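structure.txt, holding compact mmCIF, C-alpha atoms:
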# COMPACT_ATOMS: atom_id res chain seq x y z
CA MET A 127 -3.69 22.83 -15.71
CA GLY A 128 -6.51 23.79 -18.06
CA THR A 129 -8.51 26.99 -17.76
CA ASP A 130 -11.82 25.21 -17.03
CA SER A 131 -10.21 22.96 -14.43
CA GLU A 132 -8.44 25.87 -12.75
CA SER A 133 -11.62 27.98 -12.69
CA PHE A 134 -13.61 25.13 -11.13
CA LEU A 135 -10.92 24.44 -8.55
CA GLU A 136 -10.59 28.08 -7.52
CA HIS A 137 -14.38 28.28 -7.14
CA PHE A 138 -14.25 25.16 -4.96
CA ILE A 139 -11.50 26.70 -2.83
CA ASP A 140 -13.56 29.88 -2.45
CA GLN A 141 -16.50 27.81 -1.20
CA LEU A 142 -14.25 25.97 1.24
CA GLU A 143 -12.84 29.25 2.52
CA ASN A 144 -16.36 30.60 3.10
CA LEU A 145 -17.16 27.52 5.17
CA THR A 146 -13.96 27.50 7.18
CA VAL A 147 -13.84 31.23 7.89
CA LYS A 148 -16.42 30.61 10.64
CA GLU A 149 -13.78 28.53 12.45
CA THR A 150 -11.00 31.02 11.81
CA TRP A 151 -11.10 32.42 15.32
CA GLY A 152 -11.47 29.00 16.92
CA SER A 153 -9.22 28.25 19.87
CA HIS A 154 -7.50 25.36 18.06
CA ILE A 155 -6.13 27.75 15.41
CA PHE A 156 -4.62 29.95 18.10
CA GLY A 157 -3.39 26.77 19.79
CA GLN A 158 -1.51 25.84 16.63
CA VAL A 159 0.06 29.30 16.43
CA ARG A 160 0.97 29.29 20.13
CA TYR A 161 2.57 25.85 19.93
CA TYR A 162 4.61 26.85 16.88
CA ARG A 163 5.83 30.07 18.46
CA GLU A 164 6.77 28.36 21.71
CA LYS A 165 8.58 25.49 19.93
CA LYS A 166 9.81 27.42 16.89
CA ASP A 167 13.42 26.27 17.27
CA ALA A 168 12.24 22.70 16.75
CA PHE A 169 10.78 23.56 13.32
CA GLY A 170 13.96 24.63 11.50
CA ASN A 171 14.86 23.72 7.93
CA LYS A 172 16.88 20.65 8.94
CA ALA A 173 14.03 19.13 10.95
CA ASP A 174 12.73 17.61 7.71
CA PHE A 175 15.51 15.02 7.87
CA ALA A 176 13.92 13.37 10.92
CA THR A 177 10.49 12.93 9.31
CA ALA A 178 11.87 11.73 5.97
CA SER A 179 14.10 9.23 7.79
CA HIS A 180 11.25 7.83 9.87
CA VAL A 181 8.98 7.54 6.84
CA MET A 182 11.67 5.59 5.00
CA ARG A 183 12.34 3.41 8.05
CA TRP A 184 8.67 2.48 8.03
CA TYR A 185 9.00 1.42 4.40
CA ASP A 186 12.05 -0.61 5.41
CA LYS A 187 10.08 -2.43 8.11
CA GLU A 188 7.43 -3.21 5.50
CA GLY A 189 10.03 -4.91 3.31
CA ARG A 190 10.13 -2.18 0.69
CA CYS A 191 13.84 -1.43 0.99
CA GLY A 192 15.08 -5.02 0.73
CA ASN A 193 18.08 -6.47 -1.01
CA VAL A 194 16.01 -7.72 -3.92
CA ILE A 195 15.07 -4.82 -6.17
CA ASN A 196 11.48 -5.08 -7.33
CA ALA A 197 8.45 -2.99 -8.17
CA SER A 198 7.35 -2.80 -4.53
CA ASN A 199 10.48 -0.95 -3.42
CA ALA A 200 9.88 2.57 -2.17
CA ILE A 201 10.13 5.29 -4.83
CA VAL A 202 11.39 8.77 -3.91
CA LEU A 203 11.54 11.94 -6.01
CA LEU A 204 13.85 14.70 -4.81
CA ALA A 205 14.45 18.20 -6.17
CA GLY A 206 17.40 20.29 -5.10
CA ALA A 207 19.90 17.43 -4.84
CA ASN A 208 22.68 19.95 -4.14
CA GLN A 209 25.59 18.13 -2.48
CA GLY A 210 23.56 15.00 -1.76
CA LYS A 211 22.74 15.25 1.97
CA SER A 212 19.03 14.57 1.52
CA THR A 213 19.77 11.70 -0.85
CA THR A 214 22.14 10.16 1.69
CA ASN A 215 19.55 10.60 4.42
CA ILE A 216 16.98 8.66 2.40
CA LEU A 217 19.34 5.85 1.43
CA GLN A 218 20.64 5.39 4.98
CA ALA A 219 17.08 4.69 6.13
CA CYS A 220 15.99 2.72 3.05
CA HIS A 221 19.03 1.19 1.35
CA LYS A 222 17.27 -0.05 -1.75
CA ALA A 223 14.90 2.85 -2.35
CA ARG A 224 14.50 3.75 -5.99
CA MET A 225 15.25 7.44 -6.40
CA HIS A 226 15.01 10.10 -9.08
CA ILE A 227 17.00 13.13 -7.96
CA PHE A 228 17.07 16.47 -9.77
CA GLU A 229 19.63 19.28 -9.79
CA ILE A 230 19.69 22.44 -11.92
CA GLN A 231 23.33 23.52 -11.54
CA GLN A 232 25.70 21.77 -13.93
CA ARG A 233 28.60 21.34 -11.48
CA LEU A 234 26.36 19.89 -8.76
CA PHE A 235 24.62 17.66 -11.27
CA ASP A 236 27.99 16.40 -12.51
CA ALA A 237 29.05 15.48 -8.96
CA GLN A 238 25.85 13.55 -8.24
CA PHE A 239 25.86 11.90 -11.65
CA LYS A 240 29.41 10.68 -11.03
CA ARG A 241 28.42 9.45 -7.58
CA PHE A 242 25.52 7.34 -8.89
CA ARG A 243 26.61 6.56 -12.44
CA ASP A 244 26.86 2.82 -11.66
CA SER A 245 23.70 2.70 -9.56
CA SER A 246 20.64 0.84 -10.75
CA LEU A 247 18.60 2.54 -8.02
CA VAL A 248 19.36 6.25 -8.27
CA LYS A 249 18.81 8.22 -11.47
CA VAL A 250 20.16 11.77 -11.64
CA HIS A 251 18.43 14.35 -13.84
CA ARG A 252 19.58 17.83 -14.80
CA LYS A 253 16.14 19.39 -14.89
CA GLY A 254 14.07 21.69 -12.71
CA TRP A 255 10.50 21.25 -11.52
CA SER A 256 7.71 23.71 -12.25
CA ASP A 257 4.16 23.85 -13.61
CA LYS A 258 5.20 24.07 -17.26
CA ILE A 259 7.95 23.02 -19.66
CA GLN A 260 10.28 25.93 -20.30
CA GLN A 261 13.93 26.93 -20.44
CA LEU A 262 15.03 29.20 -17.59
CA GLN A 263 18.30 30.85 -16.71
CA ILE A 264 19.89 30.06 -13.35
CA THR A 265 20.60 32.72 -10.72
CA LEU A 266 23.19 32.27 -7.96
CA PRO A 267 23.17 34.42 -4.79
CA LEU A 268 26.54 35.87 -3.76
CA ASN A 269 26.45 34.51 -0.19
CA ASN A 270 27.14 30.99 1.04
CA HIS A 271 23.77 30.52 2.73
CA GLU A 272 21.46 30.34 -0.28
CA THR A 273 21.47 28.00 -3.25
CA ALA A 274 20.91 28.66 -6.93
CA GLY A 275 17.38 29.06 -8.21
CA LEU A 276 15.23 29.90 -11.22
CA PHE A 277 14.48 33.52 -10.38
CA LEU A 278 15.58 36.87 -11.75
CA PRO A 279 18.15 38.96 -9.83
CA THR A 280 15.69 41.62 -8.66
CA GLY A 281 14.45 43.01 -5.35
CA LYS A 282 16.28 41.51 -2.38
CA TRP A 283 18.41 39.49 -4.79
CA LYS A 284 19.33 42.26 -7.22
CA ASN A 285 23.04 41.59 -6.65
CA ALA A 286 22.79 37.87 -7.39
CA VAL A 287 24.62 36.54 -10.43
CA LEU A 288 22.67 35.45 -13.50
CA LEU A 289 24.71 32.45 -14.64
CA ASN A 290 25.41 31.58 -18.23
CA GLU A 291 23.44 28.36 -17.70
CA THR A 292 19.89 27.43 -18.61
CA VAL A 293 17.90 24.39 -17.59
CA GLU A 294 14.62 22.85 -18.68
CA THR A 295 11.77 22.69 -16.17
CA ILE A 296 9.10 20.00 -16.23
CA PRO A 297 5.83 19.38 -14.35
CA LEU A 298 6.03 16.32 -12.11
CA ALA A 299 2.73 15.09 -13.56
CA ASP A 300 4.43 14.89 -16.96
CA PHE A 301 7.53 13.21 -15.56
CA VAL A 302 5.67 10.34 -13.90
CA LEU A 303 3.50 9.92 -17.00
CA HIS A 304 6.49 9.23 -19.23
CA ALA A 305 8.77 7.43 -16.76
CA GLU A 306 8.61 3.67 -16.19
CA ASN A 307 7.07 2.05 -13.11
CA LEU A 308 6.03 5.23 -11.32
CA GLU A 309 2.39 4.41 -10.65
CA ARG A 310 2.60 5.72 -7.07
CA ILE A 311 5.37 7.73 -5.46
CA SER A 312 6.33 6.82 -1.89
CA TYR A 313 7.73 10.24 -0.98
CA VAL A 314 8.51 13.56 -2.67
CA LEU A 315 10.90 16.21 -1.31
CA ILE A 316 10.44 19.69 -2.79
CA ASP A 317 13.13 22.32 -2.12
CA VAL A 318 13.23 24.64 -5.11
CA GLU A 319 14.03 28.15 -3.83
CA GLY A 320 10.65 29.84 -4.11
CA LYS A 321 9.11 27.75 -6.87
CA GLU A 322 7.36 25.34 -4.46
CA PRO A 323 3.83 26.51 -5.38
CA ASN A 324 4.65 26.15 -9.10
CA VAL A 325 5.86 22.59 -8.49
CA ILE A 326 2.79 21.65 -6.45
CA ARG A 327 0.44 22.97 -9.11
CA GLY A 328 2.47 21.09 -11.72
CA MET A 329 1.74 17.83 -9.89
CA ASN A 330 -1.85 18.09 -11.16
CA LEU A 331 -3.18 16.86 -7.83
CA GLU A 332 -6.81 17.31 -8.86
CA SER A 333 -6.45 14.05 -10.80
CA LYS A 334 -3.17 12.61 -9.47
CA ARG A 335 -3.56 12.59 -5.70
CA HIS A 336 -3.29 8.80 -5.84
CA ILE A 337 0.19 9.13 -7.37
CA PHE A 338 1.44 11.72 -4.86
CA PRO A 339 -0.20 10.77 -1.53
CA ILE A 340 2.64 12.08 0.67
CA PHE A 341 5.16 14.85 0.05
CA GLN A 342 6.97 17.62 1.86
CA TYR A 343 7.83 21.10 0.68
CA GLU A 344 9.98 23.89 2.03
CA LEU A 345 8.43 27.06 3.46
CA GLY A 346 10.46 30.10 4.56
CA GLY A 347 11.51 33.42 3.11
CA THR A 348 11.53 32.33 -0.53
CA TRP A 349 7.72 32.59 -0.42
CA THR A 350 7.75 36.30 0.37
CA ASP A 351 10.71 37.78 -1.52
CA SER A 352 11.50 38.19 -5.21
CA ARG A 353 12.26 34.49 -5.70
CA HIS A 354 8.50 33.86 -5.49
CA ASP A 355 6.53 34.54 -8.69
CA GLU A 356 4.49 37.70 -8.27
CA ASN A 357 1.11 36.21 -9.21
CA GLN A 358 1.64 32.76 -7.68
CA TRP A 359 -0.22 31.49 -4.60
CA GLY A 360 1.35 32.05 -1.19
CA GLN A 361 1.57 29.77 1.84
CA TYR A 362 -2.09 30.23 2.78
CA GLY A 363 -3.32 29.73 -0.80
CA ILE A 364 -1.39 26.49 -1.30
CA ALA A 365 -2.53 25.19 2.09
CA MET A 366 -6.16 25.91 1.17
CA TYR A 367 -5.65 24.21 -2.20
CA LEU A 368 -4.28 21.07 -0.55
CA LYS A 369 -7.04 21.02 2.07
CA ALA A 370 -9.62 21.30 -0.70
CA LEU A 371 -8.13 18.17 -2.26
CA GLY A 372 -8.27 16.17 0.98
CA TYR A 373 -4.69 16.45 2.25
CA LYS A 374 -3.84 16.74 5.95
CA LEU A 375 -1.12 19.31 6.65
CA PHE A 376 1.65 19.09 9.24
CA LEU A 377 4.48 21.46 10.04
CA ILE A 378 7.60 19.33 10.32
CA GLY A 379 9.67 19.59 13.48
CA ALA A 380 12.13 17.42 15.39
CA THR A 381 13.19 16.93 18.98
CA LEU A 382 16.34 18.90 19.76
CA SER A 383 18.06 16.58 22.20
CA GLY A 384 19.26 13.01 21.90
CA GLN A 385 18.05 10.90 18.98
CA GLU A 386 16.01 13.10 16.68
CA LYS A 387 12.34 12.17 16.42
CA PRO A 388 9.75 13.95 14.28
CA ILE A 389 7.31 16.48 15.65
CA LEU A 390 4.24 16.83 13.42
CA LEU A 391 2.08 19.85 14.18
CA GLN A 392 -1.20 19.52 12.30
CA VAL A 393 -2.25 22.92 10.99
CA ASP A 394 -5.22 24.44 9.19
CA PRO A 395 -4.72 26.87 6.30
CA GLU A 396 -5.82 29.70 8.61
CA PHE A 397 -2.67 29.07 10.65
CA PHE A 398 -0.68 30.83 7.94
CA ARG A 399 -2.83 33.95 8.29
CA PHE A 400 -2.77 34.12 12.06
CA PHE A 401 0.89 33.37 12.57
CA SER A 402 1.29 37.02 11.65
CA PHE A 403 -1.15 39.64 10.40
CA ARG A 404 1.57 41.00 8.13
CA PRO A 405 1.44 39.25 4.73
CA GLU A 406 5.16 39.72 4.10
CA VAL A 407 6.02 37.55 7.13
CA ASP A 408 6.48 33.89 6.28
CA VAL A 409 6.31 30.65 8.25
CA GLY A 410 9.65 28.83 8.14
CA GLY A 411 10.57 25.17 8.03
CA ASN A 412 8.87 22.47 5.97
CA LEU A 413 5.34 21.18 5.59
CA LEU A 414 4.18 17.57 5.18
CA ALA A 415 1.11 16.93 3.02
CA PHE A 416 -0.53 13.54 3.61
CA HIS A 417 -3.59 12.13 1.88
CA PRO A 418 -5.14 9.40 4.10
CA GLU A 419 -7.28 8.00 1.30
CA PHE A 420 -4.37 7.17 -1.00
CA ALA A 421 -1.34 6.71 1.28
CA ASP A 422 -0.49 3.45 3.05
CA ALA A 423 -2.85 2.99 5.99
CA GLY A 424 -0.04 1.61 8.14
CA LEU A 425 2.15 4.65 7.50
CA TRP A 426 -0.75 6.95 8.40
CA GLU A 427 -1.19 5.08 11.69
CA TYR A 428 2.57 5.13 12.36
CA LEU A 429 2.89 8.88 11.89
CA GLN A 430 0.12 9.58 14.39
CA GLY A 431 2.62 8.74 17.10
CA PHE A 432 4.51 11.94 16.26
CA VAL A 433 1.53 14.31 16.18
CA ARG A 434 1.78 16.84 19.01
CA SER A 435 -0.70 18.71 21.17
CA SER A 436 -1.36 22.46 20.87
CA GLY A 437 -1.87 22.65 24.62
CA SER A 438 -5.67 22.58 24.62
CA LYS A 439 -6.31 20.00 21.95
CA VAL A 440 -4.36 17.07 20.53
CA LEU A 441 -3.88 17.84 16.86
CA ALA A 442 -4.61 14.41 15.49
CA VAL A 443 -6.82 13.23 12.67
CA ASP A 444 -10.43 14.37 12.74
Can you turn what I pasted into structure tokens?
Amino acid sequence: MGTDSESFLEHFIDQLENLTVKETWGSHIFGQVRYYREKKDAFGNKADFATASHVMRWYDKEGRCGNVINASNAIVLLAGANQGKSTTNILQACHKARMHIFEIQQRLFDAQFKRFRDSSLVKVHRKGWSDKIQQLQITLPLNNHETAGLFLPTGKWKNAVLLNETVETIPLADFVLHAENLERISYVLIDVEGKEPNVIRGMNLESKRHIFPIFQYELGGTWTDSRHDENQWGQYGIAMYLKALGYKLFLIGATLSGQEKPILLQVDPEFFRFFSFRPEVDVGGNLLAFHPEFADAGLWEYLQGFVRSSGSKVLAVD
């Protein structure tokens, strides 16, 4: 992202913030916070499976997951392939989706590469996503609950192990530019252990919103501890950036009983400030960014069926 472009965009975001601050104390913002707090268990990290599955099922109904592989088939980009659960989730809903999956750890990459080595649909890449091309060393936490990432073992993670492995990171805008037949991506899943804002800025959405009209990214504690770059935007900053570019934002939840169905809680950027007045407290779960101008109109209409009320106002499209 060039200096002039970044300066202009940040000025635009400042103007937007000045306009929206008048609505900051509006009842609908507090309604969003109240709904999230009351239903917080429904917005866990695994709730993203339900939304991704339903999005891919919609593509299937539209004939974009059919037996004949062609240019109209849904295209999915996924970072943090890990052991392949998210990949399996996508392919179960859309059998012939074309996928590019990325994994930074060599052993996990090897497993996924072996799994899909004969596939004409799924391509496995040992690269990371960021906002620039660089070589970074991989850090692995010592517990079984966190995955490897591209952060230094400092702060909360000072006891993590700096592996003798490096990996190249690439901006997604560069990847789609040089790859074949990636004019518009059907869905992007971003789970990169604190580097989510770097990845989003590397998508160059100021000029490539039409390529990335719908994507989800993980929230949670990685945004507020040492895995997050010190000078990078936080949850509120990224939400304001996306709103400035025309995206609608939804916290991703799922029903907790019976067959899982998505819960989409539309939120304003100010939600991330009023969830807690303490800046070190994060909002967990995942967020869906949807651009109505560039995404499929039918998918936009379909997802409205999962948008939930805050109690005083139905949080649907303006």
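Minimum atom-to-atom distance to A:Trp359, evaluated using all atoms listed in the file, belongs to A:Gly320 out of A:Pro388, A:Pro339, A:Gly320, A:Gly372.
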Using all atoms listed in the file, determine which residues lie at most 9 Å from stretch 299-315 of chain A, disregarding the query and same-chain residues fewer than 6 positions distant; provide the list as a PyMOL selection string. chain A and resi 178+181-182+185+197+199-206+212+257+328-331+334+336-344+421
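Comparing the minimum interatomic distances between A:Gly192 and each of A:Arg224, A:Lys172, A:Arg243, A:Lys165, counting only C-alpha atoms, we find that A:Arg224 sits nearest.
Here atom CA of A:Lys387 and atom CA of A:Trp184 stand 13.3 Å from one another.
Picture a line from atom CA of A:Gly254 to atom CA of A:Glu294; it runs 6.1 Å.
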For A:Phe228, which of A:Ser245, A:Glu188, A:Ile316, A:Thr292 is the closest residue, counting all atoms listed in the file? A:Ile316
